[in-house]
$ cat target24.txt   # compact mmCIF, C-alpha atoms
# COMPACT_ATOMS: atom_id res chain seq x y z
CA MET F 46 131.33 88.01 7.70
CA ILE F 47 134.52 88.58 9.68
CA ALA F 48 137.59 89.52 7.65
CA VAL F 49 140.88 88.25 9.11
CA ILE F 50 143.68 90.36 7.67
CA ASP F 51 146.44 88.32 6.04
CA TYR F 52 149.62 90.37 5.80
CA GLY F 53 152.13 87.56 6.20
CA ALA F 54 152.56 87.74 9.98
CA GLY F 55 151.29 85.08 12.29
CA ASN F 56 149.35 81.89 12.30
CA LEU F 57 145.99 82.88 10.88
CA PHE F 58 144.73 79.32 10.83
CA SER F 59 144.28 79.16 14.59
CA VAL F 60 142.06 82.23 14.47
CA GLN F 61 140.17 80.83 11.51
CA ASN F 62 139.80 77.41 13.18
CA ALA F 63 138.23 79.08 16.21
CA LEU F 64 135.84 81.18 14.10
CA ASN F 65 134.83 78.11 12.09
CA TYR F 66 134.26 76.15 15.29
CA LEU F 67 131.91 78.93 16.45
CA ASN F 68 130.14 78.86 13.04
CA LEU F 69 131.11 82.49 12.42
CA PRO F 70 131.47 83.13 8.68
CA ASN F 71 134.95 84.46 7.95
CA ILE F 72 137.48 85.14 5.26
CA VAL F 73 141.27 85.34 5.50
CA THR F 74 142.16 88.13 3.11
CA ASN F 75 144.55 90.85 1.97
CA LYS F 76 142.03 92.57 -0.30
CA ALA F 77 140.66 96.04 0.44
CA ASP F 78 137.24 95.14 -0.97
CA ASP F 79 136.85 92.24 1.48
CA LEU F 80 137.54 94.61 4.39
CA ARG F 81 134.95 97.04 3.05
CA LYS F 82 132.33 94.32 2.65
CA ALA F 83 132.99 92.62 5.99
CA GLU F 84 130.93 93.36 9.09
CA ARG F 85 133.94 93.00 11.36
CA ILE F 86 137.71 92.90 11.03
CA ILE F 87 140.35 90.97 12.96
CA LEU F 88 144.00 92.04 12.86
CA PRO F 89 146.14 89.12 14.05
CA GLY F 90 149.88 89.21 14.53
CA VAL F 91 152.89 87.31 15.81
CA GLY F 92 156.45 88.56 15.62
CA ALA F 93 158.08 91.96 16.00
CA PHE F 94 156.32 95.35 15.85
CA PRO F 95 158.46 97.04 13.13
CA ASP F 96 158.33 94.01 10.76
CA ALA F 97 154.59 93.65 11.22
CA MET F 98 153.90 97.35 10.56
CA ARG F 99 156.13 97.22 7.49
CA MET F 100 154.38 94.11 6.16
CA LEU F 101 150.96 95.61 6.84
CA GLY F 102 152.10 98.77 5.02
CA GLU F 103 153.19 96.71 2.02
CA THR F 104 149.67 95.32 1.63
CA GLY F 105 148.48 98.90 1.05
CA LEU F 106 145.59 98.24 3.46
CA ILE F 107 146.36 100.76 6.20
CA ASP F 108 144.15 103.55 4.83
CA VAL F 109 141.25 101.13 4.27
CA ILE F 110 141.64 99.74 7.80
CA LYS F 111 141.51 103.28 9.19
CA GLU F 112 138.37 104.09 7.15
CA GLU F 113 136.59 100.87 8.05
CA ALA F 114 137.43 101.12 11.76
CA GLU F 115 135.21 104.22 11.84
CA LYS F 116 132.26 102.11 10.72
CA LYS F 117 132.64 98.61 12.14
CA PRO F 118 134.23 96.65 14.99
CA LEU F 119 137.92 95.89 14.61
CA MET F 120 139.83 93.59 16.97
CA GLY F 121 143.60 93.22 17.22
CA ILE F 122 145.08 90.04 18.65
CA CYS F 123 148.47 89.93 20.44
CA LEU F 124 150.86 91.92 18.24
CA GLY F 125 147.76 93.00 16.31
CA MET F 126 146.52 94.61 19.53
CA GLN F 127 149.84 96.33 20.07
CA MET F 128 149.68 97.79 16.55
CA LEU F 129 146.44 99.60 17.49
CA PHE F 130 148.48 102.05 19.60
CA GLU F 131 150.34 105.18 18.53
CA LYS F 132 153.88 103.92 18.83
CA GLY F 133 155.86 100.78 19.47
CA PHE F 134 159.32 100.66 21.06
CA GLU F 135 160.46 97.20 19.95
CA PHE F 136 163.82 97.55 18.14
CA GLY F 137 163.58 101.36 18.01
CA GLU F 138 160.53 103.55 17.57
CA THR F 139 157.81 102.63 15.04
CA ASP F 140 154.49 104.31 14.36
CA GLY F 141 151.44 102.15 15.00
CA LEU F 142 147.91 102.57 13.65
CA GLY F 143 147.08 105.14 16.34
CA PHE F 144 143.54 103.99 17.15
CA ILE F 145 144.17 103.96 20.90
CA PRO F 146 146.26 106.60 22.72
CA GLY F 147 149.37 105.02 24.18
CA THR F 148 152.61 103.20 23.43
CA VAL F 149 153.94 99.65 23.43
CA GLU F 150 156.96 99.01 25.63
CA LEU F 151 159.12 96.16 26.93
CA MET F 152 157.81 94.55 30.12
CA THR F 153 160.26 94.66 33.01
CA PRO F 154 158.78 92.54 35.79
CA PRO F 155 161.32 91.95 38.55
CA ASP F 156 162.26 88.26 38.87
CA LEU F 157 159.88 87.05 36.19
CA ALA F 158 160.78 85.54 32.85
CA ILE F 159 160.28 87.46 29.59
CA PRO F 160 158.33 86.57 27.49
CA GLN F 161 155.32 85.94 29.68
CA ILE F 162 154.16 82.52 28.45
CA GLY F 163 151.15 80.90 30.02
CA TRP F 164 147.68 81.18 31.48
CA ASN F 165 147.01 84.29 33.50
CA LYS F 166 143.90 85.69 35.15
CA LEU F 167 141.82 88.59 33.86
CA GLU F 168 141.08 91.41 36.29
CA MET F 169 138.07 93.38 35.10
CA ASN F 170 138.44 97.15 34.75
CA GLU F 171 136.20 99.32 32.51
CA LYS F 172 133.02 97.58 31.42
CA HIS F 173 133.19 96.39 27.80
CA LYS F 174 131.13 94.02 25.64
CA LEU F 175 134.22 91.87 24.97
CA MET F 176 134.25 90.77 28.63
CA ASP F 177 130.55 89.83 28.76
CA GLY F 178 129.79 86.62 30.60
CA LEU F 179 133.29 86.17 32.02
CA ASP F 180 133.61 85.52 35.72
CA GLU F 181 136.23 86.63 38.25
CA ASP F 182 138.20 83.46 37.69
CA SER F 183 138.81 83.72 33.93
CA TYR F 184 142.23 82.67 32.68
CA VAL F 185 143.55 83.34 29.18
CA TYR F 186 146.72 82.38 27.32
CA PHE F 187 149.48 84.98 26.94
CA VAL F 188 152.68 84.94 24.88
CA HIS F 189 154.39 88.34 24.81
CA SER F 190 157.38 90.44 25.84
CA TYR F 191 155.96 93.91 25.18
CA MET F 192 152.88 95.52 26.70
CA ALA F 193 150.56 98.47 26.12
CA VAL F 194 151.14 101.56 28.23
CA CYS F 195 147.88 103.51 28.19
CA ASP F 196 145.16 105.21 30.19
CA SER F 197 143.05 102.98 32.42
CA LYS F 198 139.89 104.27 30.71
CA ASN F 199 140.94 102.33 27.58
CA VAL F 200 141.45 99.07 29.49
CA ALA F 201 138.62 96.53 29.81
CA SER F 202 140.76 94.09 31.79
CA TYR F 203 144.27 93.77 33.16
CA THR F 204 146.40 90.82 34.11
CA ASP F 205 149.06 90.73 36.80
CA TYR F 206 152.59 89.92 35.72
CA GLY F 207 154.91 91.66 38.17
CA GLY F 208 152.49 94.61 37.92
CA LYS F 209 149.37 95.53 35.98
CA VAL F 210 149.48 94.60 32.29
CA PRO F 211 146.62 95.63 29.95
CA ALA F 212 144.97 92.45 28.67
CA CYS F 213 141.94 93.85 26.79
CA VAL F 214 141.91 97.41 25.45
CA PHE F 215 139.39 99.46 23.50
CA SER F 216 138.51 102.83 22.02
CA GLY F 217 135.33 103.35 20.00
CA ASN F 218 134.86 100.50 17.52
CA VAL F 219 138.38 99.28 18.07
CA CYS F 220 139.38 96.69 20.65
CA GLY F 221 142.22 94.29 21.22
CA CYS F 222 143.46 91.35 23.25
CA GLN F 223 147.07 91.02 24.33
CA PHE F 224 146.45 87.29 24.86
CA HIS F 225 145.35 84.72 22.28
CA PRO F 226 141.56 84.20 22.53
CA GLU F 227 141.87 81.46 19.91
CA LYS F 228 144.11 79.53 22.36
CA SER F 229 142.30 80.40 25.57
CA GLY F 230 139.79 77.56 25.81
CA GLU F 231 136.12 78.31 26.55
CA THR F 232 136.93 81.80 27.87
CA GLY F 233 138.68 82.71 24.63
CA LEU F 234 135.85 81.34 22.50
CA ARG F 235 133.39 83.41 24.55
CA ILE F 236 135.47 86.55 23.85
CA LEU F 237 135.46 85.82 20.10
CA ARG F 238 131.71 85.32 20.22
CA ASN F 239 131.33 88.59 22.14
CA PHE F 240 133.31 90.33 19.40
CA ALA F 241 131.01 88.83 16.75
CA GLU F 242 128.06 90.37 18.63
CA MET F 243 129.61 93.81 19.07
CA MET W 15 150.44 85.38 38.46
CA LEU W 16 150.62 82.55 35.97
CA ALA W 17 148.55 79.47 36.69
CA LYS W 18 150.39 76.19 37.12
CA ARG W 19 149.73 74.09 34.04
CA ILE W 20 148.61 70.48 33.84
CA ILE W 21 149.68 68.89 30.57
CA PRO W 22 148.63 65.47 29.32
CA CYS W 23 151.14 63.95 26.92
CA LEU W 24 150.05 61.63 24.13
CA ASP W 25 152.67 59.34 22.64
CA VAL W 26 151.60 58.76 19.05
CA ARG W 27 152.70 56.04 16.67
CA ASN W 28 151.18 55.85 13.19
CA GLY W 29 148.25 57.97 14.28
CA LYS W 30 147.48 55.99 17.45
CA VAL W 31 148.19 56.87 21.07
CA VAL W 32 150.63 54.64 22.92
CA LYS W 33 152.50 54.84 26.20
CA GLY W 34 155.79 53.21 27.01
CA VAL W 35 156.71 52.10 30.48
CA ASN W 36 160.36 52.95 31.10
CA PHE W 37 160.57 53.47 27.32
CA GLU W 38 159.68 49.85 26.62
CA GLY W 39 156.56 47.67 26.28
CA VAL W 40 154.25 49.90 24.27
CA LYS W 41 150.49 49.37 24.13
CA ASP W 42 147.67 51.09 22.19
CA VAL W 43 145.23 53.27 24.07
CA GLY W 44 143.34 55.11 21.37
CA ASP W 45 142.72 57.87 18.92
CA PRO W 46 144.82 61.00 19.62
CA VAL W 47 142.26 63.52 18.32
CA GLU W 48 139.52 62.01 20.50
CA LEU W 49 141.79 61.94 23.54
CA ALA W 50 142.88 65.56 22.96
CA ILE W 51 139.22 66.64 22.84
CA GLN W 52 138.55 64.75 26.09
CA TYR W 53 141.53 66.36 27.81
CA ASN W 54 140.49 69.79 26.56
CA LYS W 55 137.05 69.27 28.12
CA GLN W 56 138.68 68.19 31.36
CA GLY W 57 140.65 71.44 31.49
CA ALA W 58 144.08 70.53 30.13
CA ASP W 59 146.16 73.70 29.82
CA GLU W 60 148.13 72.40 26.89
CA ILE W 61 148.35 69.13 25.00
CA VAL W 62 151.55 67.45 23.93
CA PHE W 63 151.75 65.02 21.02
CA TYR W 64 154.94 63.06 21.03
CA ASP W 65 155.55 61.36 17.70
CA ILE W 66 157.39 58.10 18.15
CA THR W 67 156.98 57.08 14.53
CA ALA W 68 160.26 56.48 12.76
CA SER W 69 159.02 56.49 9.17
CA HIS W 70 158.52 59.38 6.80
CA GLU W 71 154.91 58.31 6.11
CA GLY W 72 154.23 58.38 9.83
CA ARG W 73 155.19 62.05 9.99
CA GLY W 74 152.48 62.94 7.52
CA VAL W 75 149.94 61.04 9.63
CA MET W 76 151.14 62.99 12.67
CA LEU W 77 150.63 66.32 10.94
CA ASP W 78 147.09 65.21 10.01
CA VAL W 79 146.44 64.48 13.69
CA VAL W 80 147.66 67.98 14.61
CA ARG W 81 145.58 69.60 11.84
CA GLU W 82 142.42 67.79 12.93
CA THR W 83 143.00 68.53 16.63
CA ALA W 84 143.61 72.24 15.96
CA LYS W 85 140.12 72.50 14.47
CA GLN W 86 138.49 71.32 17.66
CA VAL W 87 140.79 72.08 20.56
CA PHE W 88 141.56 75.68 21.51
CA VAL W 89 144.44 75.41 23.94
CA PRO W 90 148.13 75.39 22.98
CA LEU W 91 149.32 72.26 21.18
CA CYS W 92 152.92 71.13 21.38
CA VAL W 93 154.41 68.52 19.05
CA GLY W 94 157.67 66.65 19.56
CA GLY W 95 159.53 63.70 18.10
CA GLY W 96 161.61 63.43 14.97
CA ILE W 97 161.97 67.16 14.38
CA ALA W 98 165.42 67.90 13.02
CA THR W 99 165.30 70.96 10.78
CA ILE W 100 163.82 74.44 10.49
CA ASP W 101 161.56 73.07 7.74
CA ASP W 102 160.24 70.44 10.18
CA PHE W 103 159.48 73.27 12.62
CA ARG W 104 157.67 75.19 9.91
CA ASP W 105 155.58 72.18 8.75
CA THR W 106 154.58 71.38 12.32
CA LEU W 107 153.64 74.97 13.20
CA ARG W 108 151.72 75.32 9.93
CA ALA W 109 149.72 72.20 10.72
CA GLY W 110 148.46 74.02 13.81
CA ALA W 111 151.00 73.35 16.55
CA ASP W 112 151.84 76.29 18.78
CA LYS W 113 155.07 74.83 20.10
CA VAL W 114 157.62 72.35 18.87
CA SER W 115 159.64 70.20 21.20
CA ILE W 116 163.10 68.89 20.32
CA ASN W 117 165.34 66.66 22.38
CA SER W 118 168.12 64.55 20.81
CA GLN W 119 168.42 66.88 17.83
CA ALA W 120 169.04 69.84 20.13
CA VAL W 121 171.96 67.99 21.73
CA LYS W 122 173.39 66.90 18.38
CA ASN W 123 172.88 70.33 16.80
CA PRO W 124 172.42 73.08 19.42
CA LYS W 125 172.32 75.72 16.69
CA LEU W 126 168.85 74.41 15.80
CA ILE W 127 167.63 75.97 19.09
CA SER W 128 168.91 79.46 18.25
CA ASP W 129 167.87 79.21 14.60
CA ALA W 130 164.33 78.15 15.48
CA ALA W 131 164.03 80.83 18.19
CA GLU W 132 165.13 83.47 15.72
CA VAL W 133 162.79 82.39 12.92
CA PHE W 134 159.68 81.42 14.89
CA GLY W 135 160.19 83.05 18.31
CA SER W 136 161.29 81.64 21.66
CA GLN W 137 157.72 80.91 22.70
CA CYS W 138 157.43 77.95 20.36
CA VAL W 139 160.79 76.31 21.10
CA VAL W 140 160.56 73.71 23.85
CA ILE W 141 163.62 71.64 24.71
CA GLY W 142 162.95 68.18 26.06
CA ILE W 143 165.69 66.69 28.21
CA ASP W 144 166.14 63.11 29.40
CA ALA W 145 168.53 63.14 32.34
CA LYS W 146 169.82 60.66 34.90
CA ARG W 147 171.95 60.78 38.04
CA ASN W 148 175.61 59.99 37.41
CA ASP W 149 178.27 58.55 39.74
CA LYS W 150 179.88 61.98 40.19
CA GLY W 151 176.97 63.33 42.19
CA GLY W 152 175.55 65.26 39.24
CA TYR W 153 173.21 64.59 36.34
CA SER W 154 173.96 63.54 32.77
CA VAL W 155 171.96 64.19 29.62
CA PHE W 156 170.89 61.21 27.54
CA ILE W 157 169.50 61.08 24.01
CA ASN W 158 167.74 58.59 21.73
CA GLY W 159 164.90 57.97 24.14
CA GLY W 160 167.17 57.80 27.15
CA ARG W 161 169.47 55.12 25.73
CA LEU W 162 172.62 57.07 24.88
CA ASP W 163 174.71 58.89 27.49
CA MET W 164 176.14 62.05 25.94
CA ASN W 165 178.51 62.80 28.84
CA LEU W 166 176.88 66.19 28.92
CA ASP W 167 176.37 67.88 32.28
CA LEU W 168 172.72 68.81 32.88
CA GLY W 169 173.66 72.14 34.52
CA ASP W 170 175.76 73.23 31.55
CA TRP W 171 173.14 72.06 29.10
CA VAL W 172 170.20 73.97 30.60
CA LYS W 173 172.29 77.17 30.69
CA GLU W 174 173.15 76.76 27.03
CA ILE W 175 169.51 76.06 26.12
CA GLU W 176 168.41 79.28 27.81
CA GLU W 177 171.19 81.36 26.24
CA ARG W 178 170.25 80.07 22.81
CA GLY W 179 166.74 81.41 23.25
CA ALA W 180 164.59 78.39 24.03
CA GLY W 181 161.21 79.26 25.52
CA GLU W 182 160.77 76.31 27.88
CA ILE W 183 162.43 73.17 29.18
CA CYS W 184 160.58 69.90 29.61
CA LEU W 185 162.65 67.88 32.07
CA ASN W 186 162.16 64.13 32.14
CA SER W 187 163.97 62.19 34.81
CA ILE W 188 164.99 58.74 33.58
CA ASP W 189 165.42 57.75 37.23
CA THR W 190 161.75 58.33 38.05
CA ASP W 191 160.07 57.86 34.63
CA GLY W 192 157.57 55.00 34.60
CA VAL W 193 158.19 54.24 38.30
CA ARG W 194 155.12 56.25 39.39
CA GLY W 195 156.72 57.23 42.69
CA GLY W 196 156.53 60.98 42.07
CA PHE W 197 158.37 63.60 40.04
CA ASP W 198 162.12 63.99 40.53
CA ILE W 199 162.05 66.91 43.00
CA GLU W 200 165.82 67.05 43.39
CA MET W 201 166.54 67.15 39.68
CA LEU W 202 163.80 69.73 39.07
CA ASN W 203 165.20 72.02 41.78
CA PHE W 204 168.65 71.59 40.27
CA VAL W 205 167.35 72.89 36.92
CA CYS W 206 164.87 75.53 38.22
CA SER W 207 167.65 77.18 40.22
CA ARG W 208 169.77 77.55 37.09
CA VAL W 209 167.33 79.01 34.53
CA LYS W 210 164.62 81.66 34.40
CA ILE W 211 162.61 80.07 31.59
CA PRO W 212 159.68 77.84 32.56
CA VAL W 213 160.43 74.23 33.49
CA ILE W 214 157.88 71.48 32.86
CA ALA W 215 158.16 68.50 35.20
CA SER W 216 157.94 65.12 33.49
CA GLY W 217 158.41 61.51 34.50
CA GLY W 218 157.28 59.68 37.59
CA CYS W 219 153.81 60.94 38.36
CA GLY W 220 151.69 58.10 39.74
CA ALA W 221 149.23 59.67 42.16
CA ILE W 222 147.31 62.89 42.69
CA ASN W 223 149.50 64.13 45.53
CA HIS W 224 152.54 64.04 43.25
CA PHE W 225 151.09 67.08 41.45
CA SER W 226 150.84 69.17 44.60
CA GLU W 227 154.26 67.96 45.74
CA VAL W 228 155.96 69.14 42.57
CA PHE W 229 154.42 72.62 42.80
CA GLU W 230 154.99 72.96 46.54
CA LYS W 231 158.60 71.76 46.52
CA THR W 232 159.86 73.15 43.18
CA ASN W 233 159.38 76.21 40.96
CA SER W 234 158.18 74.08 38.05
CA SER W 235 155.63 75.91 35.87
CA ALA W 236 153.83 72.83 34.68
CA ALA W 237 153.46 69.11 35.27
CA LEU W 238 153.20 66.59 32.48
CA ALA W 239 151.74 63.12 32.74
CA ALA W 240 150.67 60.43 30.30
CA SER W 241 149.49 57.00 31.47
CA LEU W 242 147.79 58.35 34.58
CA PHE W 243 145.39 60.25 32.34
CA HIS W 244 145.22 57.73 29.46
CA PHE W 245 144.07 54.89 31.59
CA GLY W 246 141.44 57.04 33.27
CA GLU W 247 142.93 56.74 36.76
CA LEU W 248 142.63 60.51 37.15
CA THR W 249 141.07 63.28 35.10
CA VAL W 250 142.75 66.63 34.59
CA GLY W 251 139.73 68.18 36.34
CA GLU W 252 140.26 66.05 39.44
CA VAL W 253 143.89 67.09 39.60
CA LYS W 254 142.95 70.76 39.30
CA ASP W 255 140.26 70.56 41.98
CA TYR W 256 142.79 68.90 44.25
CA LEU W 257 145.40 71.61 43.57
CA LYS W 258 142.84 74.38 44.17
CA GLY W 259 142.14 72.80 47.54
CA LYS W 260 145.87 73.13 48.25
CA ASN W 261 145.79 76.84 47.29
CA ILE W 262 147.82 76.30 44.15
CA ALA W 263 146.76 78.65 41.32
CA VAL W 264 145.28 76.68 38.44
CA ARG W 265 142.94 77.58 35.61
CA GLY W 266 139.37 76.40 36.14
CA VAL W 267 137.64 74.33 33.46
$ encode --input "target24.txt" --output "structure tokens"
Amino acid sequence: MIAVIDYGAGNLFSVQNALNYLNLPNIVTNKADDLRKAERIILPGVGAFPDAMRMLGETGLIDVIKEEAEKKPLMGICLGMQMLFEKGFEFGETDGLGFIPGTVELMTPPDLAIPQIGWNKLEMNEKHKLMDGLDEDSYVYFVHSYMAVCDSKNVASYTDYGGKVPACVFSGNVCGCQFHPEKSGETGLRILRNFAEM
Amino acid sequence: MLAKRIIPCLDVRNGKVVKGVNFEGVKDVGDPVELAIQYNKQGADEIVFYDITASHEGRGVMLDVVRETAKQVFVPLCVGGGIATIDDFRDTLRAGADKVSINSQAVKNPKLISDAAEVFGSQCVVIGIDAKRNDKGGYSVFINGGRLDMNLDLGDWVKEIEERGAGEICLNSIDTDGVRGGFDIEMLNFVCSRVKIPVIASGGCGAINHFSEVFEKTNSSAALAASLFHFGELTVGEVKDYLKGKNIAVRGV
């Protein structure tokens, strides 16, 4: 069972639709017990970093998430990935969950539009289960203005948007995708299946 | 670098796909959910449902189409037609759309652009524009399916759209729409040179080389076509193979 954390931010149905399509049992939940019972946890997220951290805090789930992430795979998606880092700098400074060393900062690509919206290519970096079976020509769907700033050893793949942008990150049981695997066609479905096999 | 997107557009009336030629003479071509699944398999980078239903009941049918498609198709879905309020945006996004496209309503009430961008984020606000050459050497914006001239300058309008926080512009040239002689390169360059947000080319595509032409001669981020794909003249996959051969970056299937 995969628990998809419902804390009021983001369209959880897309993630759930994709998991259902892959026949992966799942539950959209804001209950601590469900997170404890689940084999895996997904932290989705759309919106702004401070609001999302505040809303997640209001669910009272942060301590449980931190405990469970020691024991089982946890994946953040988009803003959910950004929240895995130590700090975010969207509208001031906000503490993140601190699973992965690094910060989240505004992208400043010269001559390119912000947010990055569209299909971009994955460039493989450190080997990670999440990237299993993907070839050199794998495109995924991004929608974001902020990016992770972190050590290359925590990056499974980058994308190029006026410079290197971490696309998939990881540390221990925790991993995350800056893009939306649930909107990234066959490649995205493969990544979700990889996560379910982690 | 972002891949250039190929976007099939499905005009939907009462749950069925239709396509108008020059906005008139509509004819049924099938079930929207089935067509969306086909296009997804072919490698469509996004799918647009354009709701041409006028009735309230029809809107509910449209949302059912979106809901059903979102269970089986995992690329971004954009829905346009008849969206006039923030609540309409919310209902459409909740049904499973990733983007909402507005056209006439944006011209009548530009604040809807900024309100929607603030509540739901720029990424889901797409502004459709129907424009036509005027006798002053510029372009004018039309509404109501291209029937009503708003005496609004296209250059001013696209600037305002961007300032209000829209995520993308879908530019349909009334001059080339339905003619199948190619996208309106001039009009697209006029708009691309004025905004930084992505521009989707729409209207006029009738052959495979029109796709390469639009990406070679303009900075358009995406190309949208309807009848060409509906009637099986070309598949999205064929278009992408062709573009790859021309060294244009596209996502493989």
$ residues_around --input "target24.txt" --residues "W:Leu248" --least-positions-apart "6" --cutoff "10 Å" --atoms "only C-alpha atoms" --output "ChimeraX atom specification"
/W:220-222,241-242
$ atom_distance --input "target24.txt" --atom1 "atom CA of W:Phe63" --atom2 "atom CA of W:Asn261"
29.4 Å
$ atom_distance --input "target24.txt" --atom1 "atom CA of W:Val209" --atom2 "atom CA of W:Val155"
16.3 Å
$ atom_distance --input "target24.txt" --atom1 "atom CA of W:Lys30" --atom2 "atom CA of W:Val62"
13.8 Å
$ interface_residues --input "target24.txt" --of "chain F" --to "chain W" --cutoff "7 Å" --atoms "only C-alpha atoms" --output "list in words"
Ser59, Asn62, Tyr66, Ala158, Ile162, Gly163, Trp164, Asn165, Tyr184, Val188, Asp205, Tyr206, Glu227, Lys228, Ser229 and Gly230 of chain F
$ closest_residue --input "target24.txt" --among "F:Pro155, F:Pro118, F:Gly143, F:Gly178" --to "F:Met46" --atoms "all atoms listed in the file"
F:Pro118
$ residues_around --input "target24.txt" --residues "stretch 183-189 of chain W" --least-positions-apart "6" --cutoff "7 Å" --atoms "all atoms listed in the file" --output "MDAnalysis selection string"
chainID W and resid 140:146 160 198 212:217
$ axis_aligned_box --input "target24.txt" --around "stretch 47-62 of chain W" --padding-each-side "8 Å" --output "lines of an AutoDock Vina configuration file"
center_x = 144.3
center_y = 67.8
center_z = 24.9
size_x = 30.5
size_y = 27.8
size_z = 29.2
$ residues_around --input "target24.txt" --residues "W:Ile199" --least-positions-apart "6" --cutoff "10 Å" --atoms "all atoms listed in the file" --output "number ranges by chain"
W: 187, 190, 215, 224, 227-234
$ closest_residue --input "target24.txt" --among "W:Gly159, W:Gln52, W:Asp129, W:Asp149" --to "W:Asn117" --atoms "only C-alpha atoms"
W:Gly159
$ residues_around --input "target24.txt" --residues "F:Lys111" --least-positions-apart "3" --cutoff "12 Å" --atoms "all atoms listed in the file" --output "number ranges by chain"
F: 77, 80-81, 86, 105-108, 114-119, 129, 141-144, 218-219
$ write_last_selection --input "target24.txt" --atoms "C-alpha atoms" --output "PDB file, in the frame of the given file"
ATOM      1  CA  ALA F  77     140.660  96.040   0.440  1.00  0.00           C
ATOM      2  CA  LEU F  80     137.540  94.610   4.390  1.00  0.00           C
ATOM      3  CA  ARG F  81     134.950  97.040   3.050  1.00  0.00           C
ATOM      4  CA  ILE F  86     137.710  92.900  11.030  1.00  0.00           C
ATOM      5  CA  GLY F 105     148.480  98.900   1.050  1.00  0.00           C
ATOM      6  CA  LEU F 106     145.590  98.240   3.460  1.00  0.00           C
ATOM      7  CA  ILE F 107     146.360 100.760   6.200  1.00  0.00           C
ATOM      8  CA  ASP F 108     144.150 103.550   4.830  1.00  0.00           C
ATOM      9  CA  ALA F 114     137.430 101.120  11.760  1.00  0.00           C
ATOM     10  CA  GLU F 115     135.210 104.220  11.840  1.00  0.00           C
ATOM     11  CA  LYS F 116     132.260 102.110  10.720  1.00  0.00           C
ATOM     12  CA  LYS F 117     132.640  98.610  12.140  1.00  0.00           C
ATOM     13  CA  PRO F 118     134.230  96.650  14.990  1.00  0.00           C
ATOM     14  CA  LEU F 119     137.920  95.890  14.610  1.00  0.00           C
ATOM     15  CA  LEU F 129     146.440  99.600  17.490  1.00  0.00           C
ATOM     16  CA  GLY F 141     151.440 102.150  15.000  1.00  0.00           C
ATOM     17  CA  LEU F 142     147.910 102.570  13.650  1.00  0.00           C
ATOM     18  CA  GLY F 143     147.080 105.140  16.340  1.00  0.00           C
ATOM     19  CA  PHE F 144     143.540 103.990  17.150  1.00  0.00           C
ATOM     20  CA  ASN F 218     134.860 100.500  17.520  1.00  0.00           C
ATOM     21  CA  VAL F 219     138.380  99.280  18.070  1.00  0.00           C
TER      22      VAL F 219
END
$ residues_around --input "target24.txt" --residues "W:Ala130" --least-positions-apart "4" --cutoff "10 Å" --atoms "only C-alpha atoms" --output "ChimeraX atom specification"
/W:99-101,103-104,114,125-126,134-136,138-139,178-180
$ decode --input "target24.txt" --residues "stretch 88-98 of chain F" --atoms "N, CA and C atoms" --output "mmCIF file, in the first residue's frame"
data_model
loop_
_atom_site.group_PDB
_atom_site.id
_atom_site.type_symbol
_atom_site.label_atom_id
_atom_site.label_comp_id
_atom_site.auth_asym_id
_atom_site.auth_seq_id
_atom_site.Cartn_x
_atom_site.Cartn_y
_atom_site.Cartn_z
ATOM 1 N N LEU F 88 4.734 12.179 -1.075
ATOM 2 C CA LEU F 88 4.421 13.544 -0.644
ATOM 3 C C LEU F 88 4.261 14.404 -1.890
ATOM 4 N N PRO F 89 3.011 14.692 -2.295
ATOM 5 C CA PRO F 89 2.821 15.519 -3.484
ATOM 6 C C PRO F 89 2.903 17.005 -3.102
ATOM 7 N N GLY F 90 2.638 17.863 -4.032
ATOM 8 C CA GLY F 90 2.629 19.282 -3.684
ATOM 9 C C GLY F 90 2.618 20.179 -4.890
ATOM 10 N N VAL F 91 1.722 21.171 -4.855
ATOM 11 C CA VAL F 91 1.676 22.225 -5.865
ATOM 12 C C VAL F 91 1.435 23.504 -5.098
ATOM 13 N N GLY F 92 2.104 24.582 -5.473
ATOM 14 C CA GLY F 92 1.884 25.844 -4.786
ATOM 15 C C GLY F 92 3.194 26.421 -4.299
ATOM 16 N N ALA F 93 3.126 27.142 -3.183
ATOM 17 C CA ALA F 93 4.308 27.831 -2.665
ATOM 18 C C ALA F 93 4.853 27.108 -1.436
ATOM 19 N N PHE F 94 6.190 27.122 -1.305
ATOM 20 C CA PHE F 94 6.901 26.412 -0.241
ATOM 21 C C PHE F 94 6.394 26.753 1.172
ATOM 22 N N PRO F 95 6.311 28.047 1.542
ATOM 23 C CA PRO F 95 5.902 28.354 2.933
ATOM 24 C C PRO F 95 4.485 27.867 3.249
ATOM 25 N N ASP F 96 3.538 28.075 2.322
ATOM 26 C CA ASP F 96 2.151 27.627 2.533
ATOM 27 C C ASP F 96 2.101 26.118 2.706
ATOM 28 N N ALA F 97 2.829 25.421 1.842
ATOM 29 C CA ALA F 97 2.788 23.959 1.869
ATOM 30 C C ALA F 97 3.374 23.437 3.178
ATOM 31 N N MET F 98 4.487 24.019 3.645
ATOM 32 C CA MET F 98 5.084 23.558 4.906
ATOM 33 C C MET F 98 4.135 23.856 6.078
#
